[in-house]
Amino acid sequence: MNKKTNLMRIIVCGMGVVGQSFLKLLLASSSTLYKEYGIKPRVVACVDSNGVAYSPTGLDLEKVLEIKEKFGSLKAFDGPKLPSDNYIEDLDAEVFLELTPTNLTTAEPGLSHIISALRSKKNVITVNKGPLALSFSSLIELSDYNNVMLRFSGTVGGGTPVLEFAKHCLKGDKITSFSGILNGTTNYILTRMADGLPFNEALRDAKEKGYAEANPSLDIDGDDAAAKLVIMANWIMGYKVTLRDVDKMGISNIHPDEFTKATAEGKSIKLIAKCDKKDLFVKPLPISKDDPIYVNGTLNAVTFKSEHSGEQTIIGKGAGGMETASSILRDLIEIKENMTKYQVN
Ligand code: HSE
């Protein structure tokens, strides 16, 4: 690992909205990253499903973005070939970014990518929920064994620092439970349904606005919220749970009368994820309009209950390319701080 310089060589695997936003954010933040955090990021490889852009001395990110925008793939990138098919293990880099789409059935290809990167002693940042929702403990063990960091702030809350708040801001206290809204798409759909729109129209609207996952059943059946709940339960509460342990119900079968009843009681129906000593569930529940987690549209909100400091709620946008890219940048800074701490002089 390159501990003695400020250089951070990065491999970006997955060049969708988040990957492209991250490159844009690096371009916009390079002087701040160096002045305030001593980081000189060099993206040495960008990989998408059709092609690769590679330069061992650091890619011209503007050129990479231009090619991606113009051709929709990196296939047209004119540059050196990767020196090996097993590029994740063989390339020299401090950080591997795993940004391929979430697969909650097999976790692939993200899971294999992360394992290869950790085994070759690269720090990993991912926003891919699949590997963590299905294999959280073993991935953390693998990162510890190889003495590198695995960070995943963007998997929960998009750019809102839900995981960091719980992990770093309540030191010395103990979180005993948390509950909240972890999926922006369903919150948007439920907000529209509370205004009287039928489910199918609200779903179509959410799709048109680009909120829903490529496969919207991940949102509406509660799988996306359940994956986030599993990540939080493992990371924050120290539980050893996977997706199979979540008691899960989606939002596609809510009768319009339930909205009418909730409204009469000063409530509305929200898809709630909850974790405490006895419950690990995702289900639609009536929530009082006075409850701090009562947020509308695509917002996410989580209330943490702690032993000594009471309840705190964090609210913010739960998705978005640039927002999620900002969480990757925070993880990158944390990794750099950790590398500096153990720097050998
Ligand atoms: N489909 C997800 C949501 C995206 O609506 O919250 C962010 O994980």
# chains A, B, ... in the order shown; residues from 1 in each chain; ligands from 1
call {"tool": "residues_near_ligand", "arguments": {"ligand": "ligand 1", "cutoff": "8 Å", "atoms": "only C-alpha atoms and all ligand atoms", "output": "PyMOL selection string"}}
result
chain A and resi 155-158+182-187+211-213+216+218-219+224-225+298+300+318-320
call {"tool": "residues_around", "arguments": {"residues": "Ile287 in chain A", "least_positions_apart": "5", "cutoff": "10 Å", "atoms": "only C-alpha atoms", "output": "CSV table (one decimal) with all heavy atoms, in the first residue's frame"}}
result
chain,number,residue,atom,x,y,z
A,262,ALA,N,-56.1,6.2,8.1
A,262,ALA,CA,-54.9,6.9,8.7
A,262,ALA,C,-55.1,8.4,8.7
A,262,ALA,O,-54.8,9.0,9.7
A,262,ALA,CB,-53.7,6.5,7.8
A,263,THR,N,-55.6,9.0,7.6
A,263,THR,CA,-55.8,10.4,7.5
A,263,THR,C,-56.7,10.9,8.6
A,263,THR,O,-56.4,11.9,9.3
A,263,THR,CB,-56.3,10.8,6.1
A,263,THR,OG1,-55.5,10.2,5.1
A,263,THR,CG2,-56.4,12.3,5.9
A,265,GLU,N,-57.0,9.8,11.4
A,265,GLU,CA,-56.3,9.7,12.7
A,265,GLU,C,-55.1,10.6,12.8
A,265,GLU,O,-54.3,10.5,13.7
A,265,GLU,CB,-55.9,8.3,13.0
A,265,GLU,CG,-57.0,7.3,13.2
A,265,GLU,CD,-56.6,5.8,13.2
A,265,GLU,OE1,-55.4,5.6,12.9
A,265,GLU,OE2,-57.4,5.0,13.5
A,266,GLY,N,-54.9,11.5,11.8
A,266,GLY,CA,-53.8,12.4,11.7
A,266,GLY,C,-52.5,11.7,11.4
A,266,GLY,O,-51.4,12.1,11.8
A,267,LYS,N,-52.7,10.6,10.6
A,267,LYS,CA,-51.5,9.8,10.3
A,267,LYS,C,-51.4,9.6,8.8
A,267,LYS,O,-52.3,10.0,8.0
A,267,LYS,CB,-51.6,8.4,10.9
A,267,LYS,CG,-51.6,8.4,12.4
A,267,LYS,CD,-51.8,7.0,13.0
A,267,LYS,CE,-51.7,7.1,14.5
A,267,LYS,NZ,-52.0,5.8,15.1
A,268,SER,N,-50.3,8.9,8.3
A,268,SER,CA,-50.3,8.5,6.9
A,268,SER,C,-49.5,7.2,6.9
A,268,SER,O,-48.7,6.9,7.8
A,268,SER,CB,-49.7,9.5,6.0
A,268,SER,OG,-50.0,9.2,4.7
A,269,ILE,N,-49.7,6.4,5.8
A,269,ILE,CA,-49.0,5.1,5.8
A,269,ILE,C,-47.6,5.3,5.2
A,269,ILE,O,-47.4,5.9,4.1
A,269,ILE,CB,-49.8,4.1,5.0
A,269,ILE,CG1,-51.1,3.9,5.7
A,269,ILE,CG2,-49.1,2.8,4.8
A,269,ILE,CD1,-52.1,2.9,5.2
A,270,LYS,N,-46.6,4.7,5.9
A,270,LYS,CA,-45.2,4.8,5.4
A,270,LYS,C,-44.6,3.4,5.5
A,270,LYS,O,-45.0,2.6,6.3
A,270,LYS,CB,-44.4,5.7,6.4
A,270,LYS,CG,-44.9,7.2,6.5
A,270,LYS,CD,-44.6,7.9,5.2
A,270,LYS,CE,-45.1,9.3,5.2
A,270,LYS,NZ,-44.9,9.9,3.8
A,271,LEU,N,-43.6,3.2,4.6
A,271,LEU,CA,-42.9,1.9,4.7
A,271,LEU,C,-41.8,2.0,5.7
A,271,LEU,O,-40.8,2.7,5.5
A,271,LEU,CB,-42.4,1.5,3.3
A,271,LEU,CG,-41.7,0.1,3.2
A,271,LEU,CD1,-42.8,-1.0,3.4
A,271,LEU,CD2,-41.0,-0.1,2.0
A,272,ILE,N,-42.0,1.3,6.8
A,272,ILE,CA,-41.2,1.5,8.0
A,272,ILE,C,-40.2,0.3,8.1
A,272,ILE,O,-40.6,-0.9,8.1
A,272,ILE,CB,-42.0,1.7,9.3
A,272,ILE,CG1,-42.9,2.9,9.2
A,272,ILE,CG2,-41.1,1.7,10.5
A,272,ILE,CD1,-42.1,4.2,9.0
A,292,PRO,N,-41.2,12.6,14.1
A,292,PRO,CA,-40.1,13.2,13.2
A,292,PRO,C,-39.7,12.4,12.0
A,292,PRO,O,-39.2,12.9,11.0
A,292,PRO,CB,-38.9,13.2,14.2
A,292,PRO,CG,-39.3,12.8,15.5
A,292,PRO,CD,-40.8,12.4,15.5
A,293,ILE,N,-40.0,11.1,12.0
A,293,ILE,CA,-39.8,10.3,10.8
A,293,ILE,C,-40.8,10.5,9.7
A,293,ILE,O,-40.7,9.9,8.6
A,293,ILE,CB,-39.5,8.8,11.0
A,293,ILE,CG1,-40.8,8.1,11.6
A,293,ILE,CG2,-38.3,8.5,11.8
A,293,ILE,CD1,-40.7,6.6,11.5
A,294,TYR,N,-41.9,11.3,10.0
A,294,TYR,CA,-42.9,11.5,9.0
A,294,TYR,C,-42.4,12.5,8.0
A,294,TYR,O,-42.4,13.7,8.3
A,294,TYR,CB,-44.2,12.0,9.7
A,294,TYR,CG,-45.3,12.3,8.7
A,294,TYR,CD1,-46.2,11.3,8.4
A,294,TYR,CD2,-45.4,13.5,8.0
A,294,TYR,CE1,-47.2,11.5,7.5
A,294,TYR,CE2,-46.4,13.7,7.0
A,294,TYR,CZ,-47.3,12.7,6.8
A,294,TYR,OH,-48.2,12.8,5.8
A,295,VAL,N,-41.8,12.0,6.9
A,295,VAL,CA,-41.3,12.9,5.8
A,295,VAL,C,-42.0,12.5,4.5
A,295,VAL,O,-42.4,11.3,4.4
A,295,VAL,CB,-39.8,12.8,5.7
A,295,VAL,CG1,-39.1,13.4,6.9
A,295,VAL,CG2,-39.3,11.4,5.5
call {"tool": "residues_around", "arguments": {"residues": "Thr105 in chain A", "least_positions_apart": "3", "cutoff": "9 Å", "atoms": "only C-alpha atoms", "output": "PyMOL selection string"}}
result
chain A and resi 108+130+134
call {"tool": "atom_distance", "arguments": {"atom1": "CA of Met322 in chain A", "atom2": "CA of Ser135 in chain A"}}
result
27.0 Å
call {"tool": "decode", "arguments": {"residues": "range 258-286 of chain A", "atoms": "N, CA and C atoms", "output": "PDB file, in the first residue's frame"}}
result
ATOM      1  N   GLU A 258     -57.276   2.150   3.849  1.00  0.00           N
ATOM      2  CA  GLU A 258     -56.276   2.289   4.925  1.00  0.00           C
ATOM      3  C   GLU A 258     -55.710   3.709   4.957  1.00  0.00           C
ATOM      4  N   PHE A 259     -55.607   4.326   3.782  1.00  0.00           N
ATOM      5  CA  PHE A 259     -55.145   5.718   3.736  1.00  0.00           C
ATOM      6  C   PHE A 259     -56.193   6.637   4.354  1.00  0.00           C
ATOM      7  N   THR A 260     -57.483   6.363   4.014  1.00  0.00           N
ATOM      8  CA  THR A 260     -58.565   7.199   4.547  1.00  0.00           C
ATOM      9  C   THR A 260     -58.589   7.115   6.073  1.00  0.00           C
ATOM     10  N   LYS A 261     -58.466   5.892   6.598  1.00  0.00           N
ATOM     11  CA  LYS A 261     -58.497   5.692   8.053  1.00  0.00           C
ATOM     12  C   LYS A 261     -57.295   6.406   8.716  1.00  0.00           C
ATOM     13  N   ALA A 262     -56.129   6.241   8.100  1.00  0.00           N
ATOM     14  CA  ALA A 262     -54.919   6.865   8.665  1.00  0.00           C
ATOM     15  C   ALA A 262     -55.084   8.394   8.681  1.00  0.00           C
ATOM     16  N   THR A 263     -55.601   8.956   7.587  1.00  0.00           N
ATOM     17  CA  THR A 263     -55.754  10.412   7.503  1.00  0.00           C
ATOM     18  C   THR A 263     -56.686  10.913   8.613  1.00  0.00           C
ATOM     19  N   ALA A 264     -57.768  10.172   8.854  1.00  0.00           N
ATOM     20  CA  ALA A 264     -58.738  10.575   9.892  1.00  0.00           C
ATOM     21  C   ALA A 264     -58.082  10.590  11.277  1.00  0.00           C
ATOM     22  N   GLU A 265     -57.029   9.791  11.438  1.00  0.00           N
ATOM     23  CA  GLU A 265     -56.341   9.727  12.738  1.00  0.00           C
ATOM     24  C   GLU A 265     -55.106  10.639  12.788  1.00  0.00           C
ATOM     25  N   GLY A 266     -54.945  11.502  11.776  1.00  0.00           N
ATOM     26  CA  GLY A 266     -53.782  12.413  11.740  1.00  0.00           C
ATOM     27  C   GLY A 266     -52.501  11.673  11.388  1.00  0.00           C
ATOM     28  N   LYS A 267     -52.654  10.583  10.639  1.00  0.00           N
ATOM     29  CA  LYS A 267     -51.489   9.760  10.277  1.00  0.00           C
ATOM     30  C   LYS A 267     -51.422   9.574   8.768  1.00  0.00           C
ATOM     31  N   SER A 268     -50.347   8.932   8.318  1.00  0.00           N
ATOM     32  CA  SER A 268     -50.300   8.466   6.933  1.00  0.00           C
ATOM     33  C   SER A 268     -49.475   7.180   6.891  1.00  0.00           C
ATOM     34  N   ILE A 269     -49.683   6.405   5.821  1.00  0.00           N
ATOM     35  CA  ILE A 269     -48.987   5.107   5.756  1.00  0.00           C
ATOM     36  C   ILE A 269     -47.594   5.276   5.162  1.00  0.00           C
ATOM     37  N   LYS A 270     -46.623   4.743   5.861  1.00  0.00           N
ATOM     38  CA  LYS A 270     -45.221   4.819   5.429  1.00  0.00           C
ATOM     39  C   LYS A 270     -44.617   3.425   5.463  1.00  0.00           C
ATOM     40  N   LEU A 271     -43.637   3.174   4.614  1.00  0.00           N
ATOM     41  CA  LEU A 271     -42.946   1.874   4.657  1.00  0.00           C
ATOM     42  C   LEU A 271     -41.832   1.994   5.703  1.00  0.00           C
ATOM     43  N   ILE A 272     -42.045   1.314   6.824  1.00  0.00           N
ATOM     44  CA  ILE A 272     -41.150   1.478   7.977  1.00  0.00           C
ATOM     45  C   ILE A 272     -40.214   0.277   8.121  1.00  0.00           C
ATOM     46  N   ALA A 273     -38.946   0.586   8.313  1.00  0.00           N
ATOM     47  CA  ALA A 273     -37.951  -0.454   8.639  1.00  0.00           C
ATOM     48  C   ALA A 273     -37.612  -0.284  10.112  1.00  0.00           C
ATOM     49  N   LYS A 274     -37.627  -1.403  10.844  1.00  0.00           N
ATOM     50  CA  LYS A 274     -37.376  -1.283  12.285  1.00  0.00           C
ATOM     51  C   LYS A 274     -36.424  -2.368  12.773  1.00  0.00           C
ATOM     52  N   CYS A 275     -35.551  -1.976  13.678  1.00  0.00           N
ATOM     53  CA  CYS A 275     -34.632  -2.949  14.287  1.00  0.00           C
ATOM     54  C   CYS A 275     -34.562  -2.685  15.778  1.00  0.00           C
ATOM     55  N   ASP A 276     -34.923  -3.660  16.570  1.00  0.00           N
ATOM     56  CA  ASP A 276     -34.665  -3.609  18.012  1.00  0.00           C
ATOM     57  C   ASP A 276     -34.387  -5.030  18.473  1.00  0.00           C
ATOM     58  N   LYS A 277     -34.408  -5.251  19.794  1.00  0.00           N
ATOM     59  CA  LYS A 277     -34.032  -6.581  20.296  1.00  0.00           C
ATOM     60  C   LYS A 277     -34.926  -7.684  19.752  1.00  0.00           C
ATOM     61  N   LYS A 278     -36.220  -7.356  19.525  1.00  0.00           N
ATOM     62  CA  LYS A 278     -37.098  -8.439  19.074  1.00  0.00           C
ATOM     63  C   LYS A 278     -37.548  -8.322  17.617  1.00  0.00           C
ATOM     64  N   ASP A 279     -37.492  -7.139  17.060  1.00  0.00           N
ATOM     65  CA  ASP A 279     -38.019  -6.952  15.699  1.00  0.00           C
ATOM     66  C   ASP A 279     -36.934  -6.642  14.676  1.00  0.00           C
ATOM     67  N   LEU A 280     -37.103  -7.217  13.490  1.00  0.00           N
ATOM     68  CA  LEU A 280     -36.301  -6.811  12.330  1.00  0.00           C
ATOM     69  C   LEU A 280     -37.277  -6.886  11.161  1.00  0.00           C
ATOM     70  N   PHE A 281     -37.956  -5.760  10.915  1.00  0.00           N
ATOM     71  CA  PHE A 281     -38.993  -5.833   9.891  1.00  0.00           C
ATOM     72  C   PHE A 281     -39.018  -4.630   8.976  1.00  0.00           C
ATOM     73  N   VAL A 282     -39.648  -4.856   7.800  1.00  0.00           N
ATOM     74  CA  VAL A 282     -39.998  -3.781   6.874  1.00  0.00           C
ATOM     75  C   VAL A 282     -41.464  -3.976   6.573  1.00  0.00           C
ATOM     76  N   LYS A 283     -42.302  -2.996   6.913  1.00  0.00           N
ATOM     77  CA  LYS A 283     -43.719  -3.118   6.562  1.00  0.00           C
ATOM     78  C   LYS A 283     -44.409  -1.762   6.549  1.00  0.00           C
ATOM     79  N   PRO A 284     -45.525  -1.658   5.813  1.00  0.00           N
ATOM     80  CA  PRO A 284     -46.253  -0.388   5.802  1.00  0.00           C
ATOM     81  C   PRO A 284     -47.009  -0.209   7.110  1.00  0.00           C
ATOM     82  N   LEU A 285     -46.848   0.964   7.736  1.00  0.00           N
ATOM     83  CA  LEU A 285     -47.514   1.236   9.020  1.00  0.00           C
ATOM     84  C   LEU A 285     -48.040   2.664   9.024  1.00  0.00           C
ATOM     85  N   PRO A 286     -49.161   2.906   9.741  1.00  0.00           N
ATOM     86  CA  PRO A 286     -49.609   4.299   9.881  1.00  0.00           C
ATOM     87  C   PRO A 286     -48.678   5.059  10.827  1.00  0.00           C
TER      88      PRO A 286
END
